[in-house]
Amino acid sequence: MLIDDAISGVGTANFDNRSFRLNFEVTALVADEEFAAEMEAMFESDFAHSVVIDPASIDGAPLWWRLGVSLSRLASPVL
């Protein structure tokens with residue numbers, strides 16, 4: 001996480017119930033502009049290598065993949 005080019009949040013916590021209540025997650029907030037600049041460069045590099053997924057392409061995915069996604073959604077409340 002990057003806040004106002006000055007504060008970075010680095011850690012393992014996810015925004016879900018399992019991370020907040022069951023797992024022992026940790027996140028550090030670093031108030032350092034140089035570190036924040038390094039984090040921004042890493043984010044920009046990740047964005048440059050990312051691919052936008054068109055929702056229509058999901059409809060054309062193989063049946064086994066769509067079935068796996070649907071089954072995963074069933075387990076999402078406990079993950």
# chains A, B, ... in the order shown; residues from 1 in each chain; ligands from 1
call {"tool": "residues_around", "arguments": {"residues": "stretch 36-43 of chain A", "least_positions_apart": "3", "cutoff": "9 Å", "atoms": "only C-alpha atoms", "output": "list in words"}}
result
Met1, Leu2, Ile3, Asp4, Asp5, Ala6, Ile7, Ser8, Val30, Ala31, Asp32, Glu33, Asp46, Phe47 and Ala48 of chain A
call {"tool": "residues_around", "arguments": {"residues": "A:Ala13", "least_positions_apart": "4", "cutoff": "9 Å", "atoms": "only C-alpha atoms", "output": "PyMOL selection string"}}
result
chain A and resi 19-20+23-27
call {"tool": "write_last_selection", "arguments": {"atoms": "N, CA and C atoms", "output": "mmCIF file, in the first residue's frame"}}
result
data_model
loop_
_atom_site.group_PDB
_atom_site.id
_atom_site.type_symbol
_atom_site.label_atom_id
_atom_site.label_comp_id
_atom_site.auth_asym_id
_atom_site.auth_seq_id
_atom_site.Cartn_x
_atom_site.Cartn_y
_atom_site.Cartn_z
ATOM 1 N N SER A 19 -7.775 -13.382 7.620
ATOM 2 C CA SER A 19 -6.558 -12.648 7.960
ATOM 3 C C SER A 19 -6.724 -11.858 9.248
ATOM 4 N N PHE A 20 -7.896 -11.261 9.428
ATOM 5 C CA PHE A 20 -8.103 -10.412 10.601
ATOM 6 C C PHE A 20 -8.364 -11.207 11.879
ATOM 7 N N ASN A 23 -5.669 -15.865 11.246
ATOM 8 C CA ASN A 23 -4.241 -15.949 10.936
ATOM 9 C C ASN A 23 -3.456 -14.933 11.749
ATOM 10 N N PHE A 24 -2.200 -15.213 11.914
ATOM 11 C CA PHE A 24 -1.309 -14.279 12.585
ATOM 12 C C PHE A 24 -0.599 -13.471 11.513
ATOM 13 N N GLU A 25 -1.271 -12.425 11.052
ATOM 14 C CA GLU A 25 -0.763 -11.588 9.974
ATOM 15 C C GLU A 25 -0.063 -10.366 10.565
ATOM 16 N N VAL A 26 0.830 -9.798 9.787
ATOM 17 C CA VAL A 26 1.550 -8.618 10.251
ATOM 18 C C VAL A 26 1.720 -7.641 9.078
ATOM 19 N N THR A 27 1.622 -6.361 9.388
ATOM 20 C CA THR A 27 1.854 -5.310 8.397
ATOM 21 C C THR A 27 2.648 -4.196 9.069
#
call {"tool": "closest_residue", "arguments": {"among": "A:Leu71, A:Ala56, A:Ala61, A:Leu29", "to": "A:Val10", "atoms": "only C-alpha atoms"}}
result
A:Leu29
